[in-house]
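**Student:** Pasting in a structure now, in structure tokens, and then I'll have a few things to ask.
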Amino acid sequence: MKFRALMQDPMYMREFQAIVATLAKLAKECIMILGERQMHFIVNEDQSSTSSPLVWASIAAEEYFPEYRLETARPDQDYIVLSMSSANLSRALSVLRGGGISSCKLKLQRIQFPCISVIATVSSSAVTEDREVVHDVPVSIIPASDWSAYVVPRVPNSQLALCLPSVRLLRSLIDKLKNISPSLEFQASYDGELSVIATSEMSTVTSRFQRLVPRSLTGSEEGASCSVDSRKASAFFGALQLPNEEMTIAIEREQSIHLQIYVRQDVVLHSILPAVCM
Amino acid sequence: MDNPSPYGDYKFVGRVDHVKIFNQAIKSICFNDYGMLHVSDDGLRITVEQGKSIQATLFMPPAAFKEFYVQDFQSFGLKMNVLSECLNLFGSADCSLRIMYCDQGSPLKIILYPYDDEDVSTECAIQTMDCEEPIDYDLELKGPDLNVIFVRGSNLSKVFHELEKSAEEFEFITSPDRPHFKITTVGIMQAVFSVEVAKTSPMMMMFNCKNTVKARYKSHHIRLTNKAMQSATKVAIKTNSIGLLELHLVMQGDGQEEIFVQFYIIPLLNTE
């Protein structure tokens, strides 16, 4: 079983760091699924946590890693599945936030115990020789027999998706709305309006986002709505560390809300907020 | 038939350009959950009382509104923390807002439009309740024998800030003779701490005291005025002969419009 990957572009390194930092804010543990072409991270895959939503990130290896080598345990297997502390991984990658990092290697190795080593090469103008900053993040290798519990979540069959150009206002609103009501109703209309409604005994607060770009996923021009747990929604929005402002909000009628942030074309952060009964 | 009004069924419509000062003023009088809202041609008043010992009123004259329309006299009760929560939805982002009210039993609608994004708006429908009549202290403070002092808000706020936090009672002396204006705190251990402000002090904007008035107030009541004091530009301190205290604060919004917050505080019985 072997894995190594190399990043060189400072912007990509910062994005990668931001993705992991977002996950670290959502859960203690994260699952890393290494495939031949893609790397996935999943948090709260068992959805047992009541206040944190299921979030996953799928990264096309060739986007971020000019060098990406994977050798699975057995030739008939497609993946390496690891579980680790998201905080440890995030801390190891936090070195990428600073400047002067010329490259970063991720390497699966066994140093008494299995770990992912994050090796950042720091070059500075003052010193001619490069320095290496190494963090070894302990991981547990998930045996193939248990993989069925750790599959990349299925994207829901949403009926209508709206593209929100800036997540900033919605994020601060949701943070406030969670104090008003334990559930938030999201209503999307085909003419590009998203309403987020919080109802309490004493007030009804309706926030409208207009002129969004709608995308029907079923061909129908009907609207869709779904009520979700406000704490879960707030946890996701509050955790975001990405530089991206744009978000796609897709609604599967009365089932779930699927939030997507395209960090790049093939690097996507997803979250699913399941419906709650009103 | 007569012309339909552009306001439809609404009996009160008000528009404010910047939510900030309104929000600050509401926060500064939010010491009780139940508030009474009165609106007439004179302007908008929101009154909060605690027991029968302190009353605060936010007053916004029609000039503080960009648009102001009212039919007859409207009054209703509402939850202050709900109102404050709604005004605060966009945090520090500046918004303009519209306030609308139909009739007895209908909700108070507040629509916020953040300046950052013209495609976003938030409408809050706040349940209203039956209105109780606030106590009218104004009559008591209309006589000719009032002691009136105008001071700069930021200075007074600093003076209060320096006074002992644990004190239970505050004593105010206003007098035509020295020490003119004196605040004394009486702590648990009977420790005494006082601040004197001479009428020649630069923080005095106007001084008009005819009689010596000495009265004690619960420090808790005085401290309820803190938030308002911090954002006030001017404060008028008025007392009548029995020591009923009125603090009349002027706040200035971003568009130079002035809104007012009045506190009436009942003195403690003289035990000396």
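We label chains A, B, ... in the order they appear in the structure tokens, count residues from 1 in each chain, and number ligands from 1 in the order shown.
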Where in stretch 38-192 of chain A does DSSP assign strand (DSSP E or B), given as an NGL selection string?
**Tutor:** :A and (38-43 or 54-60 or 67-71 or 80-85 or 101-111 or 113-122 or 131-141 or 160-164 or 183-188)
**Student:** Dump as a ChimeraX atom specification the residues of chain A that approach chain B to within 8 Å, counting only C-alpha atoms.
**Tutor:** /A:169,172-173,176-177,202-211
**Student:** Give me the residues within 6 Å of A:Met39 as a list of chain:residue names, counting only C-alpha atoms and dropping any in the same chain fewer than 4 places off.
**Tutor:** A:Ile33, A:Leu34, A:Gly35, A:Ser58, A:Ile59
**Student:** Write out as a PyMOL selection string which residues come within 6 Å of stretch 136-145 of chain A when counting only C-alpha atoms, dropping same-chain ones fewer than 3 positions away.
**Tutor:** chain A and resi 81-84+114-117
**Student:** Keeping only N, CA and C atoms, write the selected residues as a PDB file, in the first residue's frame.
**Tutor:**
```pdb
ATOM      1  N   VAL A  81      -8.538   3.646   2.085  1.00  0.00           N
ATOM      2  CA  VAL A  81      -9.449   4.414   2.935  1.00  0.00           C
ATOM      3  C   VAL A  81      -8.812   4.595   4.304  1.00  0.00           C
ATOM      4  N   LEU A  82      -8.706   5.880   4.712  1.00  0.00           N
ATOM      5  CA  LEU A  82      -8.045   6.196   5.980  1.00  0.00           C
ATOM      6  C   LEU A  82      -8.978   7.018   6.852  1.00  0.00           C
ATOM      7  N   SER A  83      -8.779   6.888   8.140  1.00  0.00           N
ATOM      8  CA  SER A  83      -9.518   7.781   9.024  1.00  0.00           C
ATOM      9  C   SER A  83      -8.505   8.475   9.914  1.00  0.00           C
ATOM     10  N   MET A  84      -8.743   9.743  10.207  1.00  0.00           N
ATOM     11  CA  MET A  84      -7.767  10.512  10.989  1.00  0.00           C
ATOM     12  C   MET A  84      -8.448  11.659  11.711  1.00  0.00           C
ATOM     13  N   PRO A 114       0.816   3.773  11.247  1.00  0.00           N
ATOM     14  CA  PRO A 114       0.612   4.405   9.934  1.00  0.00           C
ATOM     15  C   PRO A 114       0.307   5.894  10.080  1.00  0.00           C
ATOM     16  N   CYS A 115       0.833   6.686   9.180  1.00  0.00           N
ATOM     17  CA  CYS A 115       0.507   8.112   9.225  1.00  0.00           C
ATOM     18  C   CYS A 115       0.627   8.728   7.840  1.00  0.00           C
ATOM     19  N   ILE A 116      -0.037   9.865   7.699  1.00  0.00           N
ATOM     20  CA  ILE A 116       0.129  10.676   6.503  1.00  0.00           C
ATOM     21  C   ILE A 116       1.134  11.755   6.882  1.00  0.00           C
ATOM     22  N   SER A 117       2.244  11.778   6.193  1.00  0.00           N
ATOM     23  CA  SER A 117       3.231  12.816   6.477  1.00  0.00           C
ATOM     24  C   SER A 117       2.989  13.988   5.540  1.00  0.00           C
TER      25      SER A 117
END
```
**Student:** Run DSSP on the backbone and give me the residues of stretch 195-276 of chain A it puts in helix (DSSP H, G or I), as a ChimeraX atom specification.
**Tutor:** /A:230-239
**Student:** Residues within 12 Å of B:Lys20, please, as a PDB file with C-alpha atoms, in the first residue's frame. Count only C-alpha atoms; anything in the same chain fewer than 4 positions from it doesn't count.
**Tutor:**
```pdb
ATOM      1  CA  VAL B  16     -35.508  55.000   7.597  1.00  0.00           C
ATOM      2  CA  GLN B  24     -28.767  51.217  18.877  1.00  0.00           C
ATOM      3  CA  ALA B  25     -31.634  53.157  20.411  1.00  0.00           C
ATOM      4  CA  ILE B  26     -33.837  50.049  20.616  1.00  0.00           C
ATOM      5  CA  LYS B  27     -31.013  48.063  22.201  1.00  0.00           C
ATOM      6  CA  SER B  84     -34.193  44.042  18.449  1.00  0.00           C
ATOM      7  CA  LEU B  87     -33.218  44.907  13.418  1.00  0.00           C
ATOM      8  CA  ASN B  88     -29.971  43.101  14.053  1.00  0.00           C
ATOM      9  CA  LEU B  89     -30.374  40.412  11.379  1.00  0.00           C
ATOM     10  CA  PHE B  90     -27.775  41.867   9.062  1.00  0.00           C
ATOM     11  CA  GLY B  91     -25.317  42.558  11.872  1.00  0.00           C
ATOM     12  CA  SER B  92     -23.107  45.501  11.153  1.00  0.00           C
ATOM     13  CA  ALA B  93     -24.018  45.683   7.447  1.00  0.00           C
ATOM     14  CA  ASP B  94     -25.873  48.925   6.808  1.00  0.00           C
ATOM     15  CA  CYS B  95     -29.506  48.617   5.737  1.00  0.00           C
ATOM     16  CA  SER B  96     -32.412  50.865   5.013  1.00  0.00           C
ATOM     17  CA  LEU B  97     -35.692  49.784   6.495  1.00  0.00           C
ATOM     18  CA  LEU B 112     -34.636  45.436   5.791  1.00  0.00           C
ATOM     19  CA  PRO B 114     -28.995  45.851   2.946  1.00  0.00           C
ATOM     20  CA  SER B 231     -24.301  56.709  21.865  1.00  0.00           C
ATOM     21  CA  MET B 251     -28.680  60.530  19.410  1.00  0.00           C
ATOM     22  CA  GLN B 252     -27.539  61.402  15.958  1.00  0.00           C
ATOM     23  CA  GLY B 253     -27.799  59.050  13.010  1.00  0.00           C
ATOM     24  CA  ASP B 254     -25.554  58.764   9.978  1.00  0.00           C
ATOM     25  CA  GLY B 255     -27.765  61.127   8.037  1.00  0.00           C
ATOM     26  CA  GLU B 257     -31.192  62.990  11.797  1.00  0.00           C
ATOM     27  CA  ILE B 259     -33.729  60.718  17.596  1.00  0.00           C
TER      28      ILE B 259
END
```
**Student:** When distances are computed from only C-alpha atoms, which of B:Lys182, B:Lys66, B:Lys11, B:His38 shows the smallest separation from B:Leu156?
**Tutor:** B:Lys182
**Student:** Please determine, counting only C-alpha atoms, which residue among B:Glu164, B:Glu169, B:Asp177, B:Asp33 has the shortest atom-to-atom distance to B:Phe193.
**Tutor:** B:Glu164
**Student:** Expressed in Å to a single decimal, how great is the separation between atom CA of B:Tyr137 and atom CA of B:Thr225?
**Tutor:**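 That distance, rounded to one decimal, is 17.1 Å.
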**Student:** Which residues come within 8 Å of stretch 265-268 of chain A, counting only C-alpha atoms, excluding same-chain residues fewer than 2 positions away, as JSON, numbers by chain?
**Tutor:** {"A": [57, 58, 59, 60, 63, 260, 261, 262, 263, 270]}
**Student:** Could you please take those selected residues and save N, CA and C atoms as a PDB file, in the first residue's frame?
**Tutor:**
```pdb
ATOM      1  N   ALA A  57     -15.828  16.535   0.444  1.00  0.00           N
ATOM      2  CA  ALA A  57     -15.125  17.268  -0.600  1.00  0.00           C
ATOM      3  C   ALA A  57     -14.545  16.253  -1.567  1.00  0.00           C
ATOM      4  N   SER A  58     -14.739  16.506  -2.839  1.00  0.00           N
ATOM      5  CA  SER A  58     -14.159  15.633  -3.860  1.00  0.00           C
ATOM      6  C   SER A  58     -13.154  16.444  -4.664  1.00  0.00           C
ATOM      7  N   ILE A  59     -11.960  15.938  -4.736  1.00  0.00           N
ATOM      8  CA  ILE A  59     -10.887  16.678  -5.389  1.00  0.00           C
ATOM      9  C   ILE A  59     -10.335  15.832  -6.533  1.00  0.00           C
ATOM     10  N   ALA A  60     -10.393  16.371  -7.739  1.00  0.00           N
ATOM     11  CA  ALA A  60      -9.783  15.663  -8.861  1.00  0.00           C
ATOM     12  C   ALA A  60      -8.275  15.764  -8.680  1.00  0.00           C
ATOM     13  N   GLU A  63      -6.057  18.121 -10.671  1.00  0.00           N
ATOM     14  CA  GLU A  63      -6.183  19.570 -10.486  1.00  0.00           C
ATOM     15  C   GLU A  63      -5.106  20.095  -9.538  1.00  0.00           C
ATOM     16  N   GLN A 260     -23.493  23.140  -2.625  1.00  0.00           N
ATOM     17  CA  GLN A 260     -22.239  22.832  -3.314  1.00  0.00           C
ATOM     18  C   GLN A 260     -21.416  24.088  -3.514  1.00  0.00           C
ATOM     19  N   ILE A 261     -20.147  23.972  -3.257  1.00  0.00           N
ATOM     20  CA  ILE A 261     -19.236  25.073  -3.565  1.00  0.00           C
ATOM     21  C   ILE A 261     -18.181  24.529  -4.513  1.00  0.00           C
ATOM     22  N   TYR A 262     -18.136  25.128  -5.693  1.00  0.00           N
ATOM     23  CA  TYR A 262     -17.124  24.724  -6.664  1.00  0.00           C
ATOM     24  C   TYR A 262     -15.859  25.520  -6.400  1.00  0.00           C
ATOM     25  N   VAL A 263     -14.914  24.879  -5.723  1.00  0.00           N
ATOM     26  CA  VAL A 263     -13.652  25.554  -5.450  1.00  0.00           C
ATOM     27  C   VAL A 263     -12.911  25.720  -6.781  1.00  0.00           C
ATOM     28  N   HIS A 270     -19.320  19.599  -0.823  1.00  0.00           N
ATOM     29  CA  HIS A 270     -20.766  19.343  -0.783  1.00  0.00           C
ATOM     30  C   HIS A 270     -21.243  19.261   0.657  1.00  0.00           C
TER      31      HIS A 270
END
```
**Student:** Of the candidates A:Asn157, A:Ser256, A:Gln241, A:Thr121, which one gets nearest to A:Gln187 if we count only C-alpha atoms?
**Tutor:**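 Answer, going by the shortest atom-to-atom distance: A:Ser256.
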